[in-house]
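Student: Pasting my_file33.txt below, which is compact mmCIF, C-alpha atoms and all ligand atoms.
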# COMPACT_ATOMS: atom_id res chain seq x y z
CA MET A 1 0.00 0.00 0.00
CA MET A 2 1.24 3.52 -0.79
CA ASN A 3 0.95 6.40 1.65
CA ILE A 4 -0.07 9.56 -0.19
CA PRO A 5 -0.40 12.93 1.53
CA LEU A 6 -2.59 15.76 0.21
CA VAL A 7 0.48 18.01 -0.01
CA ASP A 8 4.13 17.14 0.56
CA LEU A 9 6.31 20.03 1.68
CA LYS A 10 9.26 17.77 2.55
CA SER A 11 10.11 16.64 -0.96
CA GLN A 12 10.07 20.22 -2.22
CA LEU A 13 12.34 21.42 0.60
CA LYS A 14 14.76 18.61 -0.21
CA SER A 15 15.05 19.81 -3.81
CA ILE A 16 16.01 23.38 -2.80
CA ARG A 17 17.56 22.83 0.65
CA HIS A 18 21.00 24.19 -0.19
CA ASP A 19 19.68 27.51 -1.54
CA ILE A 20 17.24 27.88 1.38
CA ASP A 21 19.98 27.32 3.96
CA ASN A 22 22.17 29.93 2.25
CA ALA A 23 19.32 32.44 2.03
CA ILE A 24 18.46 32.08 5.71
CA SER A 25 22.13 32.31 6.72
CA ARG A 26 22.49 35.53 4.75
CA VAL A 27 19.57 37.09 6.61
CA LEU A 28 20.99 35.94 9.96
CA ASP A 29 24.40 37.41 9.15
CA SER A 30 22.86 40.69 7.99
CA THR A 31 20.61 40.95 11.09
CA GLN A 32 18.14 42.73 8.77
CA PHE A 33 15.06 40.95 10.07
CA ILE A 34 12.41 43.55 9.27
CA GLY A 35 12.72 45.23 5.89
CA GLY A 36 15.94 44.80 3.95
CA ASP A 37 17.25 43.64 0.61
CA ASP A 38 15.35 40.38 0.38
CA LYS A 39 12.01 42.07 1.01
CA THR A 40 12.76 44.78 -1.56
CA ARG A 41 13.84 42.22 -4.14
CA PHE A 42 10.90 39.94 -3.51
CA GLU A 43 8.41 42.78 -3.94
CA ALA A 44 10.03 43.83 -7.22
CA ASP A 45 10.22 40.29 -8.61
CA PHE A 46 6.70 39.38 -7.54
CA ALA A 47 5.35 42.57 -9.15
CA GLN A 48 7.06 41.50 -12.36
CA PHE A 49 5.71 37.96 -12.02
CA CYS A 50 2.14 39.35 -11.76
CA ASN A 51 2.73 41.99 -14.40
CA VAL A 52 1.53 44.62 -11.94
CA LYS A 53 2.93 48.01 -10.92
CA HIS A 54 3.06 47.62 -7.13
CA ALA A 55 3.59 44.58 -4.91
CA ILE A 56 3.55 45.18 -1.17
CA GLY A 57 4.78 42.44 1.17
CA CYS A 58 2.45 41.62 4.07
CA SER A 59 2.50 39.37 7.10
CA SER A 60 -0.17 36.99 5.70
CA GLY A 61 -2.85 36.65 3.06
CA THR A 62 -5.43 37.64 5.66
CA THR A 63 -3.68 40.87 6.66
CA ALA A 64 -3.14 41.65 2.97
CA LEU A 65 -6.90 41.35 2.40
CA HIS A 66 -7.69 43.64 5.32
CA LEU A 67 -5.09 46.11 4.11
CA ALA A 68 -6.45 46.05 0.54
CA LEU A 69 -9.99 46.73 1.72
CA VAL A 70 -8.96 49.71 3.86
CA ALA A 71 -6.61 51.07 1.18
CA CYS A 72 -9.47 50.81 -1.34
CA GLY A 73 -11.60 53.02 0.94
CA VAL A 74 -13.91 50.40 2.47
CA LYS A 75 -15.15 51.85 5.76
CA PRO A 76 -17.39 50.94 8.70
CA GLY A 77 -21.03 50.55 7.67
CA ASP A 78 -20.20 49.53 4.09
CA GLU A 79 -21.25 46.27 2.51
CA VAL A 80 -18.75 44.10 0.63
CA ILE A 81 -20.02 41.36 -1.67
CA THR A 82 -18.17 38.06 -1.86
CA THR A 83 -18.70 34.35 -2.45
CA ALA A 84 -20.17 32.02 0.16
CA HIS A 85 -17.73 29.31 -0.99
CA THR A 86 -14.26 30.32 0.19
CA PHE A 87 -11.89 30.14 3.14
CA ILE A 88 -13.14 32.16 6.11
CA ALA A 89 -10.32 34.74 5.87
CA THR A 90 -12.06 36.44 2.94
CA ALA A 91 -15.03 37.35 5.14
CA GLU A 92 -12.99 37.98 8.30
CA ALA A 93 -11.11 40.75 6.52
CA ILE A 94 -14.38 42.43 5.53
CA ILE A 95 -15.52 42.39 9.15
CA HIS A 96 -12.16 43.70 10.41
CA ALA A 97 -12.57 46.62 8.02
CA GLY A 98 -15.85 47.37 9.83
CA ALA A 99 -17.96 46.36 6.85
CA LYS A 100 -20.65 43.72 6.46
CA PRO A 101 -20.03 40.68 4.26
CA VAL A 102 -22.82 40.03 1.77
CA PHE A 103 -22.56 36.54 0.36
CA VAL A 104 -23.69 35.32 -3.04
CA ASP A 105 -23.90 31.89 -4.62
CA ILE A 106 -21.36 30.27 -6.95
CA ASP A 107 -21.29 29.12 -10.53
CA PRO A 108 -21.40 25.30 -10.13
CA ILE A 109 -18.92 24.68 -12.97
CA THR A 110 -16.06 26.90 -11.74
CA TYR A 111 -17.02 27.13 -8.04
CA ASN A 112 -16.33 30.88 -8.33
CA ILE A 113 -18.71 33.75 -7.58
CA ASP A 114 -21.72 33.93 -9.92
CA SER A 115 -21.59 37.42 -11.41
CA GLU A 116 -25.31 37.30 -12.31
CA LYS A 117 -26.13 36.94 -8.62
CA VAL A 118 -23.74 39.73 -7.66
CA LYS A 119 -25.89 42.22 -9.53
CA ALA A 120 -28.91 41.52 -7.30
CA ALA A 121 -26.84 41.92 -4.11
CA ILE A 122 -25.66 45.47 -4.83
CA THR A 123 -27.22 48.14 -2.56
CA ASN A 124 -26.40 51.80 -1.95
CA LYS A 125 -24.12 50.65 0.89
CA THR A 126 -22.01 48.37 -1.30
CA SER A 127 -18.48 49.72 -1.71
CA ALA A 128 -16.50 46.72 -2.97
CA ILE A 129 -16.57 43.19 -4.34
CA ILE A 130 -14.02 40.52 -3.44
CA ALA A 131 -13.68 37.95 -6.21
CA VAL A 132 -11.90 34.83 -4.98
CA HIS A 133 -9.88 32.89 -7.58
CA LEU A 134 -10.76 29.60 -5.94
CA TYR A 135 -8.65 26.45 -6.40
CA GLY A 136 -6.30 28.43 -8.69
CA GLN A 137 -8.81 29.50 -11.33
CA CYS A 138 -9.66 33.15 -11.92
CA ALA A 139 -13.24 34.21 -11.31
CA ASP A 140 -15.09 35.52 -14.37
CA MET A 141 -13.78 39.08 -14.06
CA ASP A 142 -15.24 40.90 -17.09
CA PRO A 143 -18.86 41.03 -15.82
CA LEU A 144 -17.58 42.04 -12.37
CA LEU A 145 -15.38 44.79 -13.82
CA SER A 146 -18.34 46.25 -15.70
CA LEU A 147 -20.61 46.05 -12.63
CA CYS A 148 -17.94 47.83 -10.57
CA LYS A 149 -17.55 50.53 -13.17
CA LYS A 150 -21.30 51.06 -13.41
CA HIS A 151 -21.87 51.24 -9.64
CA ASN A 152 -18.54 52.86 -8.71
CA LEU A 153 -17.32 49.90 -6.64
CA LYS A 154 -13.80 48.66 -5.97
CA LEU A 155 -12.91 45.17 -7.21
CA ILE A 156 -10.48 43.18 -5.07
CA GLU A 157 -9.04 39.82 -6.13
CA ASP A 158 -8.41 37.24 -3.41
CA ALA A 159 -5.69 35.41 -5.31
CA ALA A 160 -4.45 33.40 -2.29
CA GLN A 161 -4.74 30.18 -4.34
CA ALA A 162 -3.97 31.56 -7.79
CA HIS A 163 -0.30 32.61 -8.14
CA GLY A 164 0.39 32.70 -11.87
CA ALA A 165 -3.18 32.01 -13.02
CA THR A 166 -4.44 34.07 -15.96
CA TYR A 167 -7.78 35.48 -17.07
CA LYS A 168 -8.03 36.21 -20.80
CA GLY A 169 -4.26 36.73 -20.91
CA LYS A 170 -4.04 38.88 -17.78
CA LYS A 171 -2.23 37.67 -14.68
CA ALA A 172 -4.16 37.14 -11.44
CA GLY A 173 -3.34 40.11 -9.25
CA SER A 174 -3.28 42.60 -12.12
CA ILE A 175 -6.99 42.74 -12.96
CA GLY A 176 -8.89 44.42 -10.11
CA ASP A 177 -8.22 47.63 -8.16
CA ALA A 178 -6.14 45.58 -5.73
CA ALA A 179 -5.36 41.91 -5.17
CA THR A 180 -3.98 39.76 -2.41
CA PHE A 181 -1.88 36.60 -2.24
CA SER A 182 -1.11 34.17 0.56
CA PHE A 183 2.26 32.48 1.04
CA TYR A 184 0.94 30.10 3.69
CA PRO A 185 3.26 27.05 3.45
CA GLY A 186 0.74 24.88 1.56
CA LYS A 187 -0.08 27.49 -1.10
CA ASN A 188 1.42 27.29 -4.60
CA LEU A 189 4.17 29.67 -3.47
CA GLY A 190 4.66 28.93 0.21
CA ALA A 191 6.88 30.59 2.83
CA TYR A 192 8.31 28.80 5.86
CA GLY A 193 5.93 30.65 8.14
CA ASP A 194 3.21 33.21 7.43
CA ALA A 195 3.50 35.78 4.65
CA GLY A 196 1.33 37.48 2.06
CA MET A 197 1.27 40.16 -0.63
CA MET A 198 -0.99 42.94 -1.83
CA THR A 199 -0.73 44.08 -5.44
CA THR A 200 -2.24 47.07 -7.24
CA GLN A 201 -1.88 49.06 -10.43
CA HIS A 202 -2.85 52.30 -8.67
CA ASP A 203 -0.19 54.61 -7.17
CA THR A 204 -2.57 56.16 -4.63
CA ILE A 205 -3.84 52.81 -3.31
CA ALA A 206 -0.25 51.54 -3.09
CA GLU A 207 0.95 54.62 -1.22
CA LEU A 208 -1.86 54.39 1.32
CA ALA A 209 -1.33 50.64 1.78
CA ARG A 210 2.43 51.08 2.33
CA ALA A 211 1.78 53.68 5.01
CA LEU A 212 -1.00 51.68 6.73
CA LEU A 213 0.95 48.44 6.93
CA ASP A 214 3.81 50.08 8.82
CA HIS A 215 1.99 51.94 11.63
CA GLY A 216 0.87 54.79 9.37
CA ARG A 217 4.32 56.26 9.60
CA THR A 218 5.86 58.77 7.23
CA GLU A 219 9.03 59.17 9.28
CA LYS A 220 10.32 56.80 11.94
CA TYR A 221 8.25 58.31 14.75
CA LYS A 222 5.83 60.50 12.82
CA HIS A 223 2.44 58.88 12.13
CA HIS A 224 -0.16 60.50 9.89
CA LEU A 225 -2.54 57.58 10.04
CA VAL A 226 -3.56 54.93 12.53
CA GLY A 227 -2.11 51.88 10.84
CA TYR A 228 -1.13 48.30 11.55
CA ASN A 229 1.92 46.11 11.85
CA TYR A 230 1.28 44.00 8.75
CA ARG A 231 4.88 43.84 7.43
CA ILE A 232 6.41 40.78 5.79
CA ASP A 233 9.60 39.68 7.53
CA ASN A 234 12.87 39.51 5.68
CA MET A 235 13.51 35.84 6.51
CA GLN A 236 10.28 34.83 4.74
CA ALA A 237 11.10 37.13 1.82
CA ALA A 238 14.50 35.41 1.51
CA VAL A 239 12.82 31.98 1.38
CA LEU A 240 10.28 33.26 -1.14
CA ASN A 241 13.04 34.72 -3.34
CA VAL A 242 14.53 31.23 -3.65
CA LYS A 243 11.14 29.65 -4.35
CA LEU A 244 9.80 32.28 -6.78
CA LYS A 245 12.45 31.22 -9.31
CA HIS A 246 10.86 27.75 -9.41
CA LEU A 247 7.23 28.82 -9.42
CA ALA A 248 6.62 28.73 -13.18
CA GLN A 249 8.03 25.21 -13.40
CA TRP A 250 6.10 24.05 -10.30
CA THR A 251 2.90 25.44 -11.78
CA GLN A 252 3.56 23.54 -15.02
CA ALA A 253 4.05 20.37 -13.00
CA ARG A 254 0.69 20.95 -11.27
CA GLN A 255 -0.96 21.54 -14.63
CA SER A 256 0.43 18.37 -16.10
CA ILE A 257 -0.76 16.37 -13.06
CA ALA A 258 -4.21 17.93 -13.43
CA ALA A 259 -4.26 17.07 -17.14
CA TYR A 260 -3.35 13.46 -16.34
CA TYR A 261 -6.09 13.22 -13.72
CA SER A 262 -8.62 14.68 -16.16
CA GLU A 263 -7.58 12.24 -18.85
CA HIS A 264 -7.68 9.12 -16.68
CA LEU A 265 -10.35 9.61 -14.02
CA ASN A 266 -13.78 8.21 -14.78
CA ASN A 267 -15.61 11.26 -16.05
CA GLU A 268 -18.95 9.48 -16.37
CA SER A 269 -19.35 8.91 -12.66
CA LEU A 270 -17.44 11.95 -11.45
CA MET A 271 -17.64 15.64 -12.21
CA LEU A 272 -14.10 16.75 -13.03
CA PRO A 273 -12.82 20.34 -12.77
CA GLN A 274 -12.87 22.54 -15.84
CA ALA A 275 -10.51 25.38 -16.74
CA LEU A 276 -12.29 28.30 -18.41
CA HIS A 277 -11.04 31.79 -19.35
CA GLY A 278 -7.29 31.10 -19.00
CA ASP A 279 -4.47 29.28 -17.20
CA HIS A 280 -5.56 27.42 -14.08
CA ALA A 281 -2.83 27.43 -11.40
CA ARG A 282 -4.15 24.08 -10.08
CA HIS A 283 -3.74 24.80 -6.40
CA LEU A 284 -6.36 22.12 -5.79
CA TYR A 285 -7.79 19.39 -8.01
CA VAL A 286 -11.42 19.12 -6.93
CA ILE A 287 -13.70 16.34 -8.13
CA ARG A 288 -17.35 15.97 -7.32
CA THR A 289 -19.61 13.02 -6.51
CA SER A 290 -22.76 12.45 -4.48
CA HIS A 291 -20.84 9.54 -2.87
CA ARG A 292 -18.16 11.90 -1.53
CA ASP A 293 -18.00 10.75 2.08
CA ALA A 294 -17.81 7.06 1.15
CA LEU A 295 -15.15 7.80 -1.47
CA GLN A 296 -13.07 9.78 1.03
CA GLN A 297 -13.30 6.93 3.55
CA TYR A 298 -12.36 4.36 0.89
CA LEU A 299 -9.34 6.41 -0.20
CA LYS A 300 -8.23 6.77 3.41
CA GLU A 301 -8.27 2.99 3.78
CA GLN A 302 -5.99 2.81 0.72
CA GLY A 303 -3.51 5.27 2.31
CA ILE A 304 -4.65 8.23 0.18
CA SER A 305 -5.30 11.58 1.90
CA SER A 306 -7.91 13.91 0.44
CA GLY A 307 -9.48 17.18 1.55
CA ILE A 308 -12.73 19.15 1.48
CA HIS A 309 -12.37 22.81 0.53
CA TYR A 310 -14.68 23.75 2.18
CA PRO A 311 -17.19 21.61 4.07
CA ILE A 312 -19.23 24.44 5.69
CA PRO A 313 -20.22 27.41 3.50
CA LEU A 314 -19.49 30.80 5.05
CA HIS A 315 -23.15 31.78 5.42
CA LEU A 316 -23.66 28.71 7.65
CA GLN A 317 -20.56 29.20 9.83
CA PRO A 318 -21.41 29.61 13.53
CA ALA A 319 -19.22 32.75 13.66
CA PHE A 320 -21.52 34.42 11.12
CA ALA A 321 -24.84 33.33 12.67
CA TYR A 322 -25.53 37.00 13.47
CA LEU A 323 -25.83 37.68 9.75
CA ASN A 324 -29.01 35.55 9.79
CA TYR A 325 -28.50 33.49 6.65
CA LYS A 326 -30.55 30.29 6.48
CA VAL A 327 -29.92 26.82 5.07
CA GLY A 328 -31.02 26.92 1.44
CA ALA A 329 -29.92 30.52 0.88
CA PHE A 330 -27.21 29.48 -1.62
CA PRO A 331 -28.17 26.11 -3.13
CA GLU A 332 -25.19 25.73 -5.48
CA THR A 333 -22.71 26.45 -2.70
CA GLU A 334 -24.46 24.08 -0.30
CA LYS A 335 -24.67 21.27 -2.88
CA ALA A 336 -20.99 21.69 -3.78
CA ALA A 337 -19.92 21.67 -0.12
CA ALA A 338 -21.56 18.24 0.26
CA GLU A 339 -20.04 16.72 -2.89
CA ILE A 340 -16.54 18.12 -3.48
CA LEU A 341 -13.31 16.26 -2.79
CA SER A 342 -9.76 17.57 -3.28
CA LEU A 343 -7.33 14.92 -4.52
CA PRO A 344 -3.57 15.05 -3.79
CA ILE A 345 -1.70 17.48 -6.05
CA TYR A 346 1.73 19.05 -5.64
CA PRO A 347 4.64 19.57 -8.05
CA GLU A 348 6.66 16.59 -6.81
CA PHE A 349 3.70 14.18 -7.04
CA SER A 350 4.97 11.25 -9.11
CA ARG A 351 3.22 9.50 -11.97
CA GLU A 352 3.36 6.29 -9.96
CA GLN A 353 1.55 7.97 -7.05
CA GLN A 354 -0.92 9.44 -9.47
CA ASN A 355 -1.69 6.10 -11.08
CA TYR A 356 -2.33 4.70 -7.61
CA VAL A 357 -4.84 7.47 -6.84
CA VAL A 358 -6.52 7.22 -10.26
CA SER A 359 -6.95 3.44 -10.05
CA HIS A 360 -8.47 3.58 -6.57
CA VAL A 361 -10.84 6.44 -7.37
CA ASN A 362 -11.95 4.68 -10.54
CA SER A 363 -12.40 1.31 -8.88
CA PHE A 364 -14.50 2.95 -6.17
CA VAL A 365 -16.79 4.67 -8.66
CA THR A 366 -17.25 1.60 -10.85
CA ASN A 367 -17.94 -0.69 -7.87
CA GLU A 368 -19.95 1.62 -5.63
CA VAL A 369 -21.58 4.20 -7.82
CA SER A 370 -22.91 1.72 -10.35
CA GLN A 371 -24.97 0.09 -7.61
CA PRO A 372 -28.35 1.69 -6.98
CA CYS A 373 -28.41 3.73 -3.81
C1 LIG B 401 -5.16 30.83 2.40
C2 LIG B 401 -6.25 31.76 2.05
C3 LIG B 401 -6.39 33.02 2.66
C4 LIG B 401 -5.61 33.44 3.87
O1 LIG B 401 -4.25 33.47 3.72
P1 LIG B 401 -3.30 33.36 5.02
O2 LIG B 401 -1.94 33.62 4.45
O3 LIG B 401 -3.44 31.99 5.56
O4 LIG B 401 -3.71 34.41 5.98
C5 LIG B 401 -7.37 33.87 2.19
N1 LIG B 401 -8.19 33.51 1.19
C6 LIG B 401 -8.11 32.31 0.60
C7 LIG B 401 -9.04 31.98 -0.52
C8 LIG B 401 -7.14 31.38 1.02
O5 LIG B 401 -7.08 30.17 0.43
Produce structure tokens that represent the structure in this file.
Tutor:
Amino acid sequence: MMNIPLVDLKSQLKSIRHDIDNAISRVLDSTQFIGGDDKTRFEADFAQFCNVKHAIGCSSGTTALHLALVACGVKPGDEVITTAHTFIATAEAIIHAGAKPVFVDIDPITYNIDSEKVKAAITNKTSAIIAVHLYGQCADMDPLLSLCKKHNLKLIEDAAQAHGATYKGKKAGSIGDAATFSFYPGKNLGAYGDAGMMTTQHDTIAELARALLDHGRTEKYKHHLVGYNYRIDNMQAAVLNVKLKHLAQWTQARQSIAAYYSEHLNNESLMLPQALHGDHARHLYVIRTSHRDALQQYLKEQGISSGIHYPIPLHLQPAFAYLNYKVGAFPETEKAAAEILSLPIYPEFSREQQNYVVSHVNSFVTNEVSQPC
């Protein structure tokens, strides 16, 4: 029996260990722990990677989201529209900005926000929309861009899972008024600790964000704004500088694994993910079946880890009970949450491991699903 994790950070570290050790040693020797050359270089190189004017290092994807909202002018009492099917950080950031999250349902093919439903959720309090590029695939941005233009709203991309993804030729992070990335260790570009990034094409938003993330200071002890300590640390930037050089190749590896899955998994009994509008960064490979729980249990017995991203939609999270959403509010999100399963995918995932996963998933669906239930 093989033992297959959902992600494997060890094999990647092994492949770059020498460069990582050197990068960390350099930071130690420099004693530049906050700010410094690695941070400056990482921001410049990541901006280039996203084809965007400004990249601003942050302490996490969550703080980057909060920062982006405030820098885009979202203020207490506002409403911010986002998807009900995402990681909780997207909505937490809205609440930390003093605004109210307004959830909408997803498109069941892409699992991303349904732009048709966004239209109906806009009120005179709405100030922004957060589009999440879930699983590594960009949300359908054109309809959202035109809605934002028409109603004078800011469009923020939560690109935490979508480093390097494209939408009609444009890089994730370069499309909205601002965008945010996470470098949580398991993300496509992962630090060895917490880190994140905010990107924007706008000079004024960038300037405000840079001031806010460092205590609102303009000089060392002169503060024009009440800000935050949301800085990236130089040690993480040094690690990310090493890893950014490999990101394009790692993304290609993910894409080729996804293509192999799509070619070999039983697509009559399973709904397989589809890539529309551009390059899918393949952070997660999510299949769908009404026999999800039994399949997950079966795979576990075969030594195969899998995940559910995410099992409880945001509108049904206990933390958001005060928003008064009811079961049934977002049928596509709720149906997806009950049927989705994320299969192992990471750049170092071998063909042999993949064949093992494919054969067990397929044997489960032919044996179990073909029986009446
Ligand atoms: C990971 C993630 C975040 C939060 O990023 P952190 O770096 O963990 O704070 C936000 N949104 C989405 C969609 C994510 O997947």
Student: Restricting the calculation to all atoms listed in the file: of A:Ile109, A:Leu295, A:Ala336, A:Ile130, which residue gets closest to Leu272 of chain A?
Tutor: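 Result for the nearest residue to Leu272 of chain A: A:Ile109.
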Student: Show me which residues sit within 9 Å of ligand LIG 401 (chain B) when counting all atoms listed in the file, and put them as a PyMOL selection string.
Tutor: chain A and resi 59-65+86-91+93+132-135+158-162+180-187+194-197
Student: Considering all atoms listed in the file, return as an MDAnalysis selection string whatever protein or nucleic-acid residues lie within 12 Å of Trp250 of chain A, sequence-local ones (same chain, fewer than 2 positions apart) excluded.
Tutor: chainID A and resid 12 15 163:164 187:190 243:248 252:257 281:283 345:349
Student: Find the distance between atom CA of Glu263 of chain A and atom CA of Ile106 of chain A and write it in Å to one decimal.
Tutor: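 Calculated distance between atom CA of Glu263 of chain A and atom CA of Ile106 of chain A is 25.6 Å.
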Student: Can you tell me how far atom CA of Tyr192 of chain A sits from atom CA of His18 of chain A, in Å to one decimal?
Tutor: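 One can read the atom CA of Tyr192 of chain A to atom CA of His18 of chain A distance as 14.8 Å.
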Student: Atom CA of Gly193 of chain A and atom CA of Gln296 of chain A, how far apart in Å?
Tutor: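 Computing it gives 29.1 Å between the two atoms.
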Student: Using all atoms listed in the file, find the one residue out of A:Leu314, A:Val286, A:Cys148, A:Ile205 that sits nearest to Ala84 of chain A.
Tutor: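 When distances to Ala84 of chain A are compared using all atoms listed in the file, the smallest one comes from A:Leu314.
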Student: For Asp19 of chain A, which residue among A:Ser262, A:Leu316, A:Ala238, A:Asn112 is the nearest when counting all atoms listed in the file?
Tutor: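 Between A:Ser262, A:Leu316, A:Ala238, A:Asn112, the residue approaching Asp19 of chain A most closely is A:Ala238.
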Student: Just want the 9 Å neighbourhood of Lys326 of chain A, counted on all atoms listed in the file, with same-chain residues fewer than 3 positions away dropped. Output as a list of chain:residue names.
Tutor: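 So the residues in contact are A:His315, A:Leu316, A:Ala321, A:Ala329, A:Phe330.
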Student: Pick out the closest residue to Ala294 of chain A from this set: A:Val361, A:Glu332, A:Tyr260, A:Ala121. Count all atoms listed in the file.
Tutor: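 Looking at the shortest contact to Ala294 of chain A, the residue is A:Val361.
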Student: Would you mind listing what lies within 8 Å of Asn266 of chain A as a PDB file with C-alpha atoms, in the frame of the given file, with all atoms listed in the file counted and same-chain residues fewer than 2 positions away left out?
Tutor:
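Final file, around.pdb:
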ATOM      1  CA  HIS A 264      -7.680   9.120 -16.680  1.00  0.00           C
ATOM      2  CA  GLU A 268     -18.950   9.480 -16.370  1.00  0.00           C
ATOM      3  CA  SER A 269     -19.350   8.910 -12.660  1.00  0.00           C
ATOM      4  CA  LEU A 270     -17.440  11.950 -11.450  1.00  0.00           C
ATOM      5  CA  ASN A 362     -11.950   4.680 -10.540  1.00  0.00           C
ATOM      6  CA  VAL A 365     -16.790   4.670  -8.660  1.00  0.00           C
TER       7      VAL A 365
END
Student: For Leu341 of chain A, please output as a PyMOL selection string all residues within 12 Å (counting all atoms listed in the file; exclusion window: fewer than 6 positions along the same chain).
Tutor: chain A and resi 6+135+270-273+284-297+299+305-311+361
Student: Let me make sure I understand: among A:Pro101, A:Gly173, A:Gly77, A:Pro5, which one has the smallest atom-to-atom distance to His54 of chain A if we use only C-alpha atoms?
Tutor: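 Of A:Pro101, A:Gly173, A:Gly77, A:Pro5, the one nearest His54 of chain A is A:Gly173, counting only C-alpha atoms.
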Student: Set the distance at 8 Å and use all atoms listed in the file: which residues neighbour Ala99 of chain A once local chain neighbours fewer than 3 positions away are removed? I'd like the list as an mmCIF file with C-alpha atoms, in the coordinates of the input.
Tutor:
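Wrote it out as selection_30.cif, contents follow:
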data_model
loop_
_atom_site.group_PDB
_atom_site.id
_atom_site.type_symbol
_atom_site.label_atom_id
_atom_site.label_comp_id
_atom_site.auth_asym_id
_atom_site.auth_seq_id
_atom_site.Cartn_x
_atom_site.Cartn_y
_atom_site.Cartn_z
ATOM 1 C CA VAL A 74 -13.910 50.400 2.470
ATOM 2 C CA LYS A 75 -15.150 51.850 5.760
ATOM 3 C CA PRO A 76 -17.390 50.940 8.700
ATOM 4 C CA GLY A 77 -21.030 50.550 7.670
ATOM 5 C CA ASP A 78 -20.200 49.530 4.090
ATOM 6 C CA GLU A 79 -21.250 46.270 2.510
ATOM 7 C CA VAL A 80 -18.750 44.100 0.630
ATOM 8 C CA ILE A 94 -14.380 42.430 5.530
ATOM 9 C CA ILE A 95 -15.520 42.390 9.150
ATOM 10 C CA HIS A 96 -12.160 43.700 10.410
#
Student: Given the choices A:Cys58, A:Asn3, A:Gly169, A:Leu213, which gets closest to Tyr228 of chain A if the distance is worked out from all atoms listed in the file?
Tutor: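 Closest to Tyr228 of chain A, using all atoms listed in the file: A:Leu213.
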Student: As a short mmCIF file (atom, residue, chain, number, x, y, z; two decimals), keeping the file's coordinate frame, please: segment 183-194 of chain A completed to N, CA, C and O atoms.
Tutor:
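File out-v8.cif, as written:
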data_model
loop_
_atom_site.label_atom_id
_atom_site.label_comp_id
_atom_site.auth_asym_id
_atom_site.auth_seq_id
_atom_site.Cartn_x
_atom_site.Cartn_y
_atom_site.Cartn_z
N PHE A 183 1.11 33.38 1.14
CA PHE A 183 2.26 32.48 1.04
C PHE A 183 2.27 31.51 2.21
O PHE A 183 3.33 31.12 2.70
N TYR A 184 1.09 31.18 2.71
CA TYR A 184 0.94 30.10 3.69
C TYR A 184 1.70 28.88 3.13
O TYR A 184 1.68 28.66 1.91
N PRO A 185 2.37 28.09 3.98
CA PRO A 185 3.26 27.05 3.45
C PRO A 185 2.64 26.11 2.40
O PRO A 185 3.34 25.66 1.49
N GLY A 186 1.35 25.81 2.51
CA GLY A 186 0.74 24.88 1.56
C GLY A 186 0.25 25.51 0.28
O GLY A 186 -0.24 24.82 -0.62
N LYS A 187 0.37 26.83 0.14
CA LYS A 187 -0.08 27.49 -1.10
C LYS A 187 0.91 27.23 -2.24
O LYS A 187 2.01 26.73 -2.01
N ASN A 188 0.55 27.60 -3.45
CA ASN A 188 1.42 27.29 -4.60
C ASN A 188 2.82 27.90 -4.47
O ASN A 188 3.80 27.33 -4.92
N LEU A 189 2.89 29.09 -3.86
CA LEU A 189 4.17 29.67 -3.47
C LEU A 189 4.09 29.82 -1.95
O LEU A 189 3.34 30.67 -1.46
N GLY A 190 4.82 28.99 -1.23
CA GLY A 190 4.66 28.93 0.21
C GLY A 190 5.92 29.35 0.94
O GLY A 190 7.03 28.93 0.61
N ALA A 191 5.75 30.19 1.97
CA ALA A 191 6.88 30.59 2.83
C ALA A 191 7.12 29.48 3.86
O ALA A 191 6.44 28.45 3.85
N TYR A 192 8.10 29.72 4.74
CA TYR A 192 8.31 28.80 5.86
C TYR A 192 7.84 29.48 7.14
O TYR A 192 8.59 29.65 8.11
N GLY A 193 6.58 29.88 7.09
CA GLY A 193 5.93 30.65 8.14
C GLY A 193 4.79 31.37 7.46
O GLY A 193 4.38 30.98 6.36
N ASP A 194 4.28 32.44 8.05
CA ASP A 194 3.21 33.21 7.43
C ASP A 194 3.77 34.36 6.61
O ASP A 194 4.73 35.01 7.02
#
